[in-house]
>>> print(open('my_file.txt').read())   # compact mmCIF, C-alpha atoms and all ligand atoms
# COMPACT_ATOMS: atom_id res chain seq x y z
CA MET A 1 0.00 0.00 0.00
CA MET A 2 1.24 3.48 -0.83
CA THR A 3 1.77 5.78 2.14
CA SER A 4 1.79 9.53 1.77
CA LYS A 5 4.78 11.30 3.37
CA LYS A 6 2.70 14.33 4.16
CA ASN A 7 0.46 12.37 6.55
CA ILE A 8 3.29 11.04 8.70
CA HIS A 9 3.62 13.05 11.90
CA PHE A 10 7.17 12.69 13.22
CA SER A 11 7.35 12.57 17.02
CA TYR A 12 10.65 13.16 18.84
CA ASP A 13 9.09 11.62 21.93
CA GLU A 14 8.29 8.35 20.13
CA HIS A 15 11.65 8.35 18.37
CA ALA A 16 13.66 8.97 21.57
CA ARG A 17 11.92 6.17 23.47
CA LYS A 18 13.38 3.71 20.93
CA CYS A 19 16.97 4.86 21.66
CA ALA A 20 19.15 3.75 24.57
CA PRO A 21 18.65 5.97 27.67
CA ASP A 22 22.24 7.24 27.37
CA ASP A 23 22.17 7.73 23.58
CA PHE A 24 21.69 11.49 23.88
CA SER A 25 22.70 12.20 20.26
CA GLY A 26 20.45 9.49 18.86
CA GLN A 27 17.47 10.73 20.89
CA THR A 28 17.63 14.18 19.29
CA ARG A 29 18.86 12.86 15.90
CA ARG A 30 22.19 14.66 16.18
CA THR A 31 23.75 11.96 14.03
CA VAL A 32 25.20 11.52 10.55
CA GLN A 33 24.22 8.21 8.96
CA GLY A 34 23.36 6.92 12.42
CA VAL A 35 26.68 7.89 14.00
CA PRO A 36 26.66 10.50 16.81
CA VAL A 37 28.09 13.87 15.81
CA PRO A 38 31.60 14.11 17.37
CA ALA A 39 32.35 16.21 20.44
CA GLU A 40 34.32 18.81 18.41
CA GLN A 41 31.21 19.47 16.32
CA ILE A 42 29.08 19.86 19.46
CA GLN A 43 31.67 22.32 20.74
CA MET A 44 31.25 24.33 17.52
CA ILE A 45 27.52 24.59 18.26
CA VAL A 46 28.17 25.68 21.84
CA ASP A 47 30.70 28.29 20.64
CA ALA A 48 28.22 29.67 18.07
CA ILE A 49 25.46 29.96 20.70
CA LYS A 50 27.80 31.67 23.18
CA LEU A 51 28.99 34.09 20.52
CA GLY A 52 25.44 34.84 19.37
CA LEU A 53 23.99 35.32 22.85
CA ASP A 54 27.03 37.18 24.21
CA PHE A 55 26.32 35.94 27.75
CA ASP A 56 27.11 37.84 30.87
CA GLU A 57 27.20 36.09 34.22
CA ASP A 58 23.88 37.54 35.37
CA ASP A 59 21.94 36.25 32.39
CA ALA A 60 18.85 34.09 32.85
CA LEU A 61 18.38 31.91 29.78
CA VAL A 62 15.16 30.36 28.54
CA GLU A 63 15.47 27.59 25.96
CA LEU A 64 12.55 26.46 23.82
CA ALA A 65 12.52 22.90 22.44
CA CYS A 66 15.53 22.01 24.61
CA GLY A 67 15.24 18.26 23.98
CA ASN A 68 17.14 16.07 26.45
CA GLY A 69 19.33 18.91 27.76
CA SER A 70 22.57 17.34 26.49
CA LEU A 71 23.41 20.51 24.55
CA SER A 72 21.95 22.86 27.19
CA GLN A 73 24.29 21.55 29.91
CA PHE A 74 27.25 23.21 28.18
CA LEU A 75 25.64 26.63 28.67
CA PHE A 76 25.05 26.37 32.41
CA LEU A 77 28.43 27.89 33.33
CA SER A 78 27.64 30.93 31.16
CA CYS A 79 24.40 31.97 32.86
CA LYS A 80 23.04 32.40 36.36
CA LYS A 81 19.67 30.77 35.68
CA TYR A 82 18.34 28.44 33.01
CA GLN A 83 14.85 27.20 32.15
CA GLY A 84 14.53 24.61 29.38
CA VAL A 85 11.14 23.55 28.02
CA ASP A 86 10.24 20.79 25.62
CA VAL A 87 6.98 19.15 24.61
CA SER A 88 8.44 15.63 24.91
CA GLU A 89 7.74 14.03 28.28
CA TYR A 90 10.45 11.43 27.67
CA LEU A 91 13.19 13.86 26.62
CA ILE A 92 12.46 16.07 29.63
CA SER A 93 12.69 13.02 31.90
CA ILE A 94 16.16 12.33 30.44
CA ALA A 95 17.13 16.01 30.93
CA LYS A 96 15.95 16.00 34.55
CA LYS A 97 17.72 12.76 35.37
CA ASN A 98 21.05 13.60 33.75
CA PHE A 99 21.50 17.37 33.57
CA GLU A 100 19.13 19.28 35.87
CA LEU A 101 20.89 21.24 38.63
CA LEU A 102 18.24 22.59 40.97
CA PRO A 103 17.33 25.21 41.87
CA ASN A 104 18.87 27.33 39.10
CA TYR A 105 19.06 25.06 36.04
CA ARG A 106 15.64 23.52 35.41
CA PHE A 107 13.79 21.56 32.77
CA GLN A 108 10.03 21.51 32.27
CA GLU A 109 7.75 19.44 30.06
CA CYS A 110 5.66 21.97 28.15
CA GLY A 111 4.88 23.05 24.61
CA ALA A 112 6.83 26.19 23.73
CA ILE A 113 3.79 28.37 23.01
CA GLU A 114 1.98 27.23 26.17
CA TYR A 115 5.11 27.97 28.18
CA LEU A 116 5.48 31.49 26.76
CA GLN A 117 1.79 32.16 27.42
CA ASN A 118 1.84 30.88 30.99
CA GLU A 119 5.26 31.74 32.47
CA LYS A 120 4.46 33.66 35.66
CA GLU A 121 7.74 35.59 35.87
CA PRO A 122 8.70 36.31 32.25
CA GLN A 123 10.61 39.44 33.20
CA LYS A 124 13.30 37.46 35.02
CA PHE A 125 14.73 36.14 31.71
CA THR A 126 17.32 38.04 29.66
CA LYS A 127 18.21 35.73 26.72
CA LEU A 128 16.35 33.13 24.66
CA LEU A 129 17.61 30.12 22.71
CA CYS A 130 15.92 27.75 20.30
CA TYR A 131 18.37 25.33 18.69
CA ALA A 132 17.25 22.89 15.98
CA GLY A 133 13.66 23.42 17.06
CA ILE A 134 12.09 26.40 15.29
CA GLN A 135 11.31 24.32 12.19
CA TYR A 136 8.65 22.41 14.12
CA PHE A 137 6.50 25.53 14.28
CA LYS A 138 4.31 26.87 11.49
CA ASP A 139 4.72 30.49 10.37
CA ASP A 140 1.81 31.78 12.47
CA GLU A 141 3.10 29.88 15.52
CA LEU A 142 6.59 31.31 15.03
CA VAL A 143 5.21 34.86 14.87
CA SER A 144 3.03 34.20 17.95
CA MET A 145 6.01 32.91 19.91
CA LEU A 146 8.24 35.85 19.04
CA SER A 147 5.35 38.26 19.75
CA LEU A 148 4.86 36.72 23.20
CA VAL A 149 8.55 37.30 23.89
CA THR A 150 8.25 40.89 22.64
CA GLU A 151 5.28 41.62 24.88
CA LYS A 152 5.84 39.54 28.02
CA PHE A 153 9.57 38.77 28.25
CA ILE A 154 10.51 42.42 28.29
CA ASN A 155 14.09 41.91 29.49
CA ILE A 156 14.96 39.53 26.66
CA LYS A 157 16.85 41.64 24.15
CA THR A 158 18.65 38.86 22.25
CA ILE A 159 17.41 35.59 20.80
CA PHE A 160 19.55 32.90 19.17
CA ILE A 161 17.77 30.56 16.79
CA GLY A 162 20.06 27.88 15.43
CA SER A 163 20.22 25.16 12.79
CA ILE A 164 17.39 26.43 10.59
CA PRO A 165 16.89 24.32 7.43
CA ASP A 166 17.52 26.63 4.47
CA LYS A 167 14.91 26.31 1.73
CA SER A 168 17.23 27.90 -0.80
CA ARG A 169 19.73 25.04 -0.27
CA ALA A 170 17.26 22.15 0.17
CA GLU A 171 18.35 20.45 -3.06
CA GLN A 172 21.86 20.06 -1.62
CA PHE A 173 20.38 17.97 1.21
CA TYR A 174 17.77 15.99 -0.73
CA LYS A 175 20.07 14.30 -3.21
CA ASP A 176 17.74 11.37 -3.95
CA HIS A 177 14.54 13.26 -4.74
CA THR A 178 13.23 16.77 -5.27
CA PRO A 179 11.03 17.66 -2.32
CA THR A 180 7.68 19.29 -3.01
CA SER A 181 6.98 22.74 -1.58
CA GLU A 182 4.30 21.06 0.53
CA GLU A 183 6.92 18.76 2.07
CA LEU A 184 9.27 21.68 2.77
CA SER A 185 6.55 23.64 4.55
CA ASP A 186 5.23 20.81 6.74
CA SER A 187 6.07 21.33 10.43
CA ASN A 188 5.12 17.71 11.21
CA THR A 189 7.91 16.02 9.24
CA ALA A 190 11.20 14.89 10.81
CA LEU A 191 12.94 17.96 9.34
CA GLY A 192 10.11 20.44 9.76
CA VAL A 193 9.64 23.69 7.84
CA TRP A 194 12.42 24.87 5.53
CA ARG A 195 12.69 28.67 5.28
CA ASN A 196 15.02 30.91 3.36
CA GLN A 197 16.56 33.88 5.17
CA GLN A 198 14.21 36.47 3.61
CA GLU A 199 11.17 34.46 4.74
CA PHE A 200 12.58 34.09 8.22
CA GLU A 201 13.44 37.80 8.44
CA SER A 202 9.96 38.93 7.45
CA LEU A 203 8.36 36.67 10.12
CA ALA A 204 10.78 38.04 12.74
CA ASN A 205 10.05 41.62 11.65
CA MET A 206 6.29 41.01 12.04
CA ALA A 207 6.88 40.17 15.70
CA GLY A 208 9.17 43.16 16.35
CA TRP A 209 12.63 41.64 15.84
CA THR A 210 15.51 42.38 13.47
CA ALA A 211 17.57 39.48 12.13
CA LYS A 212 21.32 38.99 11.70
CA PHE A 213 22.12 35.73 9.93
CA SER A 214 25.26 33.61 10.18
CA ASN A 215 26.58 30.32 8.90
CA MET A 216 28.63 27.74 10.74
CA PRO A 217 32.17 27.10 9.44
CA THR A 218 32.20 24.81 6.39
CA SER A 219 33.79 22.09 8.56
CA PHE A 220 30.50 21.87 10.49
CA TYR A 221 28.52 18.80 9.39
CA ALA A 222 25.27 20.66 8.68
CA SER A 223 26.61 24.00 7.46
CA TYR A 224 25.78 23.18 3.84
CA TYR A 225 22.01 23.34 4.40
CA ARG A 226 21.38 25.13 7.70
CA TYR A 227 21.94 28.64 9.08
CA ASP A 228 21.68 30.49 12.39
CA VAL A 229 20.17 33.85 13.30
CA VAL A 230 20.47 36.34 16.14
CA LEU A 231 17.34 38.43 16.71
CA SER A 232 17.40 41.85 18.38
CA ARG A 233 14.45 44.05 19.26
CA VAL A 234 13.44 46.56 16.63
CA ASN A 235 14.57 49.91 18.01
CA LEU A 236 11.41 51.95 18.63
CA ARG A 237 12.37 55.63 18.86
C1 LIG B 1 16.13 18.26 16.93
S1 LIG B 1 15.46 18.30 18.57
C2 LIG B 1 16.50 19.58 19.25
C3 LIG B 1 16.65 19.46 20.74
C4 LIG B 1 17.68 20.42 21.36
N1 LIG B 1 17.33 21.80 21.12
C5 LIG B 1 19.07 20.14 20.82
O1 LIG B 1 19.53 20.89 19.95
O2 LIG B 1 19.66 19.16 21.25
C6 LIG B 1 13.91 19.16 18.35
C7 LIG B 1 13.10 19.28 19.64
O3 LIG B 1 11.94 20.09 19.40
C8 LIG B 1 10.95 19.65 20.32
N2 LIG B 1 9.65 20.22 19.98
C9 LIG B 1 8.92 19.99 18.85
N3 LIG B 1 7.75 20.66 18.91
C10 LIG B 1 7.75 21.33 20.10
C11 LIG B 1 6.81 22.19 20.74
N4 LIG B 1 5.63 22.49 20.18
N5 LIG B 1 7.13 22.72 21.94
C12 LIG B 1 8.33 22.41 22.53
N6 LIG B 1 9.23 21.58 21.99
C13 LIG B 1 8.95 21.05 20.78
C14 LIG B 1 11.06 18.15 20.21
O4 LIG B 1 10.40 17.46 21.26
C15 LIG B 1 12.57 17.96 20.19
O5 LIG B 1 13.08 17.76 21.49
>>> encode(input="my_file.txt", output="structure tokens")
Amino acid sequence: MMTSKKNIHFSYDEHARKCAPDDFSGQTRRTVQGVPVPAEQIQMIVDAIKLGLDFDEDDALVELACGNGSLSQFLFLSCKKYQGVDVSEYLISIAKKNFELLPNYRFQECGAIEYLQNEKEPQKFTKLLCYAGIQYFKDDELVSMLSLVTEKFINIKTIFIGSIPDKSRAEQFYKDHTPTSEELSDSNTALGVWRNQQEFESLANMAGWTAKFSNMPTSFYASYYRYDVVLSRVNLR
């Protein structure tokens, strides 16, 4: 029987439960042909996030779609407080068991939008991170999320959004077939929504943010089809 790709809803929670409890890379699919991405490559990600967020020691970081916390842990020394949220119950259980350092470095099972809507003390946060997660949100959801940060998280002035699949370079990734535009704009696939930089910038602008794009060094395993962006508040004078 033929199955239609567009109807398959990829779930990180279901995927991660099939991996070994200590296979942190496998759980979040940070692998190349099934092999975990090496530590030097992870360090490149950490360096890019630190450069983009320009931490100071008093920063309180909120991370959306934090997964199992295996990347987040490397940021704990750079900030005073950390709150990671992810919709996957299983990945958050892994994060709590292996990486949580109470009371200042916490993980919470919650959808990103619900979290931004319901956080009781949004003003305590100063920086926001979403790494390899923004593609699982549709355009209207992305604008809603950034707008909630604009309005409620008033002390967040800098956002780092990393590892965004670049629609203008999709053919370099999909060597075996040409993806349809429907496939590239489906937030429920394993790779989520592909956006080019102009598309991303206009969504960010709608929510009150300016965008500065960057690419990882060419030695980074995913640099050929993904990019990063730092968002700053539009200066209202
Ligand atoms: C590729 S993993 C990245 C995890 C982590 N940021 C990292 O880089 O290791 C994508 C994550 O997005 C999460 N996610 C997808 N939709 C979400 C939503 N609506 N709210 C919060 N997290 C979500 C998944 O559960 C998964 O953990």
>>> closest_residue(input="my_file.txt", among="A:Leu91, A:Ile45, A:Val149, A:Cys79", to="A:Leu231", atoms="all atoms listed in the file")
A:Val149
>>> residues_near_point(input="my_file.txt", point="(4.0, 25.7, 26.2)", cutoff="10 Å", atoms="all atoms listed in the file", output="list in words")
Leu64, Ala65, Val85, Asp86, Val87, Gln108, Glu109, Cys110, Gly111, Ala112, Ile113, Glu114, Tyr115, Leu116, Gln117, Asn118, Glu119 and Met145 of chain A
>>> write_last_selection(input="my_file.txt", atoms="C-alpha atoms", output="CSV table (one decimal), keeping the file's coordinate frame")
chain,number,residue,atom,x,y,z
A,64,LEU,CA,12.6,26.5,23.8
A,65,ALA,CA,12.5,22.9,22.4
A,85,VAL,CA,11.1,23.6,28.0
A,86,ASP,CA,10.2,20.8,25.6
A,87,VAL,CA,7.0,19.2,24.6
A,108,GLN,CA,10.0,21.5,32.3
A,109,GLU,CA,7.8,19.4,30.1
A,110,CYS,CA,5.7,22.0,28.2
A,111,GLY,CA,4.9,23.0,24.6
A,112,ALA,CA,6.8,26.2,23.7
A,113,ILE,CA,3.8,28.4,23.0
A,114,GLU,CA,2.0,27.2,26.2
A,115,TYR,CA,5.1,28.0,28.2
A,116,LEU,CA,5.5,31.5,26.8
A,117,GLN,CA,1.8,32.2,27.4
A,118,ASN,CA,1.8,30.9,31.0
A,119,GLU,CA,5.3,31.7,32.5
A,145,MET,CA,6.0,32.9,19.9
>>> residues_near_ligand(input="my_file.txt", ligand="ligand LIG 1 (chain B)", cutoff="9 Å", atoms="all atoms listed in the file", output="ChimeraX atom specification")
/A:11-13,16,24-25,27-30,45,63-72,85-92,109-115,129-137,162-163,187-188,190-191
>>> closest_residue(input="my_file.txt", among="A:Asp139, A:Glu183, A:Glu171, A:Glu100", to="A:Phe200", atoms="all atoms listed in the file")
A:Asp139
>>> atom_distance(input="my_file.txt", atom1="atom CA of A:Leu184", atom2="atom CA of A:Ile164")
12.2 Å
>>> residues_around(input="my_file.txt", residues="stretch 203-220 of chain A", least_positions_apart="4", cutoff="7 Å", atoms="all atoms listed in the file", output="ChimeraX atom specification")
/A:41,143,146-147,150,199,227-234
>>> atom_distance(input="my_file.txt", atom1="atom CA of A:Ala20", atom2="atom CA of A:Ala39")
18.6 Å
>>> atom_distance(input="my_file.txt", atom1="atom CA of A:Asn155", atom2="atom CA of A:Arg195")
27.6 Å
>>> axis_aligned_box(input="my_file.txt", around="stretch 131-138 of chain A", padding_each_side="4 Å", output="AutoDock Vina command-line options")
--center_x 11.3 --center_y 24.6 --center_z 15.1 --size_x 22.1 --size_y 12.5 --size_z 15.2
>>> residues_near_point(input="my_file.txt", point="(23.3, 36.5, 30.2)", cutoff="10 Å", atoms="all atoms listed in the file", output="VMD selection string")
chain A and resid 50 53 to 61 78 to 82 125 to 128 156 158
>>> write_last_selection(input="my_file.txt", atoms="C-alpha atoms", output="PDB file, keeping the file's coordinate frame")
ATOM      1  CA  LYS A  50      27.800  31.670  23.180  1.00  0.00           C
ATOM      2  CA  LEU A  53      23.990  35.320  22.850  1.00  0.00           C
ATOM      3  CA  ASP A  54      27.030  37.180  24.210  1.00  0.00           C
ATOM      4  CA  PHE A  55      26.320  35.940  27.750  1.00  0.00           C
ATOM      5  CA  ASP A  56      27.110  37.840  30.870  1.00  0.00           C
ATOM      6  CA  GLU A  57      27.200  36.090  34.220  1.00  0.00           C
ATOM      7  CA  ASP A  58      23.880  37.540  35.370  1.00  0.00           C
ATOM      8  CA  ASP A  59      21.940  36.250  32.390  1.00  0.00           C
ATOM      9  CA  ALA A  60      18.850  34.090  32.850  1.00  0.00           C
ATOM     10  CA  LEU A  61      18.380  31.910  29.780  1.00  0.00           C
ATOM     11  CA  SER A  78      27.640  30.930  31.160  1.00  0.00           C
ATOM     12  CA  CYS A  79      24.400  31.970  32.860  1.00  0.00           C
ATOM     13  CA  LYS A  80      23.040  32.400  36.360  1.00  0.00           C
ATOM     14  CA  LYS A  81      19.670  30.770  35.680  1.00  0.00           C
ATOM     15  CA  TYR A  82      18.340  28.440  33.010  1.00  0.00           C
ATOM     16  CA  PHE A 125      14.730  36.140  31.710  1.00  0.00           C
ATOM     17  CA  THR A 126      17.320  38.040  29.660  1.00  0.00           C
ATOM     18  CA  LYS A 127      18.210  35.730  26.720  1.00  0.00           C
ATOM     19  CA  LEU A 128      16.350  33.130  24.660  1.00  0.00           C
ATOM     20  CA  ILE A 156      14.960  39.530  26.660  1.00  0.00           C
ATOM     21  CA  THR A 158      18.650  38.860  22.250  1.00  0.00           C
TER      22      THR A 158
END
>>> residues_around(input="my_file.txt", residues="A:Thr189", least_positions_apart="2", cutoff="7 Å", atoms="all atoms listed in the file", output="PyMOL selection string")
chain A and resi 8-10+186-187+191-192
>>> closest_residue(input="my_file.txt", among="A:Val35, A:Gln83, A:Cys19, A:Met44", to="A:Leu102", atoms="all atoms listed in the file")
A:Gln83
>>> decode(input="my_file.txt", residues="stretch 19-43 of chain A", atoms="N, CA and C atoms", output="PDB file, in the first residue's frame")
ATOM      1  N   CYS A  19      15.502   4.779  21.518  1.00  0.00           N
ATOM      2  CA  CYS A  19      16.970   4.859  21.656  1.00  0.00           C
ATOM      3  C   CYS A  19      17.373   4.423  23.070  1.00  0.00           C
ATOM      4  N   ALA A  20      18.649   4.076  23.229  1.00  0.00           N
ATOM      5  CA  ALA A  20      19.149   3.751  24.569  1.00  0.00           C
ATOM      6  C   ALA A  20      19.056   4.995  25.457  1.00  0.00           C
ATOM      7  N   PRO A  21      18.811   4.813  26.765  1.00  0.00           N
ATOM      8  CA  PRO A  21      18.653   5.967  27.667  1.00  0.00           C
ATOM      9  C   PRO A  21      19.846   6.914  27.683  1.00  0.00           C
ATOM     10  N   ASP A  22      21.055   6.367  27.370  1.00  0.00           N
ATOM     11  CA  ASP A  22      22.239   7.239  27.371  1.00  0.00           C
ATOM     12  C   ASP A  22      22.672   7.634  25.951  1.00  0.00           C
ATOM     13  N   ASP A  23      21.853   7.338  24.968  1.00  0.00           N
ATOM     14  CA  ASP A  23      22.170   7.729  23.582  1.00  0.00           C
ATOM     15  C   ASP A  23      21.597   9.131  23.330  1.00  0.00           C
ATOM     16  N   PHE A  24      22.239  10.124  23.936  1.00  0.00           N
ATOM     17  CA  PHE A  24      21.687  11.488  23.880  1.00  0.00           C
ATOM     18  C   PHE A  24      21.657  12.025  22.448  1.00  0.00           C
ATOM     19  N   SER A  25      22.678  11.713  21.653  1.00  0.00           N
ATOM     20  CA  SER A  25      22.703  12.197  20.262  1.00  0.00           C
ATOM     21  C   SER A  25      21.613  11.527  19.435  1.00  0.00           C
ATOM     22  N   GLY A  26      21.480  10.217  19.608  1.00  0.00           N
ATOM     23  CA  GLY A  26      20.445   9.490  18.862  1.00  0.00           C
ATOM     24  C   GLY A  26      19.061  10.007  19.188  1.00  0.00           C
ATOM     25  N   GLN A  27      18.809  10.285  20.470  1.00  0.00           N
ATOM     26  CA  GLN A  27      17.467  10.727  20.888  1.00  0.00           C
ATOM     27  C   GLN A  27      17.035  12.013  20.185  1.00  0.00           C
ATOM     28  N   THR A  28      17.983  12.909  19.947  1.00  0.00           N
ATOM     29  CA  THR A  28      17.625  14.179  19.289  1.00  0.00           C
ATOM     30  C   THR A  28      18.077  14.197  17.824  1.00  0.00           C
ATOM     31  N   ARG A  29      18.463  13.033  17.304  1.00  0.00           N
ATOM     32  CA  ARG A  29      18.855  12.861  15.904  1.00  0.00           C
ATOM     33  C   ARG A  29      20.055  13.737  15.535  1.00  0.00           C
ATOM     34  N   ARG A  30      20.948  13.938  16.495  1.00  0.00           N
ATOM     35  CA  ARG A  30      22.188  14.656  16.176  1.00  0.00           C
ATOM     36  C   ARG A  30      23.208  13.610  15.729  1.00  0.00           C
ATOM     37  N   THR A  31      22.944  13.045  14.564  1.00  0.00           N
ATOM     38  CA  THR A  31      23.752  11.957  14.027  1.00  0.00           C
ATOM     39  C   THR A  31      23.957  12.179  12.536  1.00  0.00           C
ATOM     40  N   VAL A  32      25.017  11.554  12.004  1.00  0.00           N
ATOM     41  CA  VAL A  32      25.198  11.521  10.550  1.00  0.00           C
ATOM     42  C   VAL A  32      25.284  10.056  10.167  1.00  0.00           C
ATOM     43  N   GLN A  33      24.347   9.621   9.348  1.00  0.00           N
ATOM     44  CA  GLN A  33      24.219   8.209   8.962  1.00  0.00           C
ATOM     45  C   GLN A  33      24.244   7.305  10.194  1.00  0.00           C
ATOM     46  N   GLY A  34      23.518   7.728  11.215  1.00  0.00           N
ATOM     47  CA  GLY A  34      23.359   6.916  12.417  1.00  0.00           C
ATOM     48  C   GLY A  34      24.480   7.036  13.434  1.00  0.00           C
ATOM     49  N   VAL A  35      25.540   7.766  13.075  1.00  0.00           N
ATOM     50  CA  VAL A  35      26.684   7.886  13.996  1.00  0.00           C
ATOM     51  C   VAL A  35      26.595   9.232  14.730  1.00  0.00           C
ATOM     52  N   PRO A  36      26.744   9.232  16.073  1.00  0.00           N
ATOM     53  CA  PRO A  36      26.657  10.496  16.810  1.00  0.00           C
ATOM     54  C   PRO A  36      27.653  11.532  16.290  1.00  0.00           C
ATOM     55  N   VAL A  37      27.216  12.762  16.228  1.00  0.00           N
ATOM     56  CA  VAL A  37      28.090  13.865  15.810  1.00  0.00           C
ATOM     57  C   VAL A  37      29.210  13.996  16.854  1.00  0.00           C
ATOM     58  N   PRO A  38      30.488  14.085  16.411  1.00  0.00           N
ATOM     59  CA  PRO A  38      31.599  14.106  17.371  1.00  0.00           C
ATOM     60  C   PRO A  38      31.607  15.326  18.292  1.00  0.00           C
ATOM     61  N   ALA A  39      32.307  15.163  19.411  1.00  0.00           N
ATOM     62  CA  ALA A  39      32.351  16.207  20.445  1.00  0.00           C
ATOM     63  C   ALA A  39      32.840  17.552  19.897  1.00  0.00           C
ATOM     64  N   GLU A  40      33.798  17.526  18.950  1.00  0.00           N
ATOM     65  CA  GLU A  40      34.318  18.808  18.407  1.00  0.00           C
ATOM     66  C   GLU A  40      33.214  19.571  17.687  1.00  0.00           C
ATOM     67  N   GLN A  41      32.316  18.823  17.050  1.00  0.00           N
ATOM     68  CA  GLN A  41      31.213  19.467  16.320  1.00  0.00           C
ATOM     69  C   GLN A  41      30.194  20.057  17.315  1.00  0.00           C
ATOM     70  N   ILE A  42      29.976  19.342  18.412  1.00  0.00           N
ATOM     71  CA  ILE A  42      29.077  19.859  19.459  1.00  0.00           C
ATOM     72  C   ILE A  42      29.675  21.148  20.028  1.00  0.00           C
ATOM     73  N   GLN A  43      30.998  21.122  20.220  1.00  0.00           N
ATOM     74  CA  GLN A  43      31.674  22.317  20.745  1.00  0.00           C
ATOM     75  C   GLN A  43      31.491  23.502  19.793  1.00  0.00           C
TER      76      GLN A  43
END
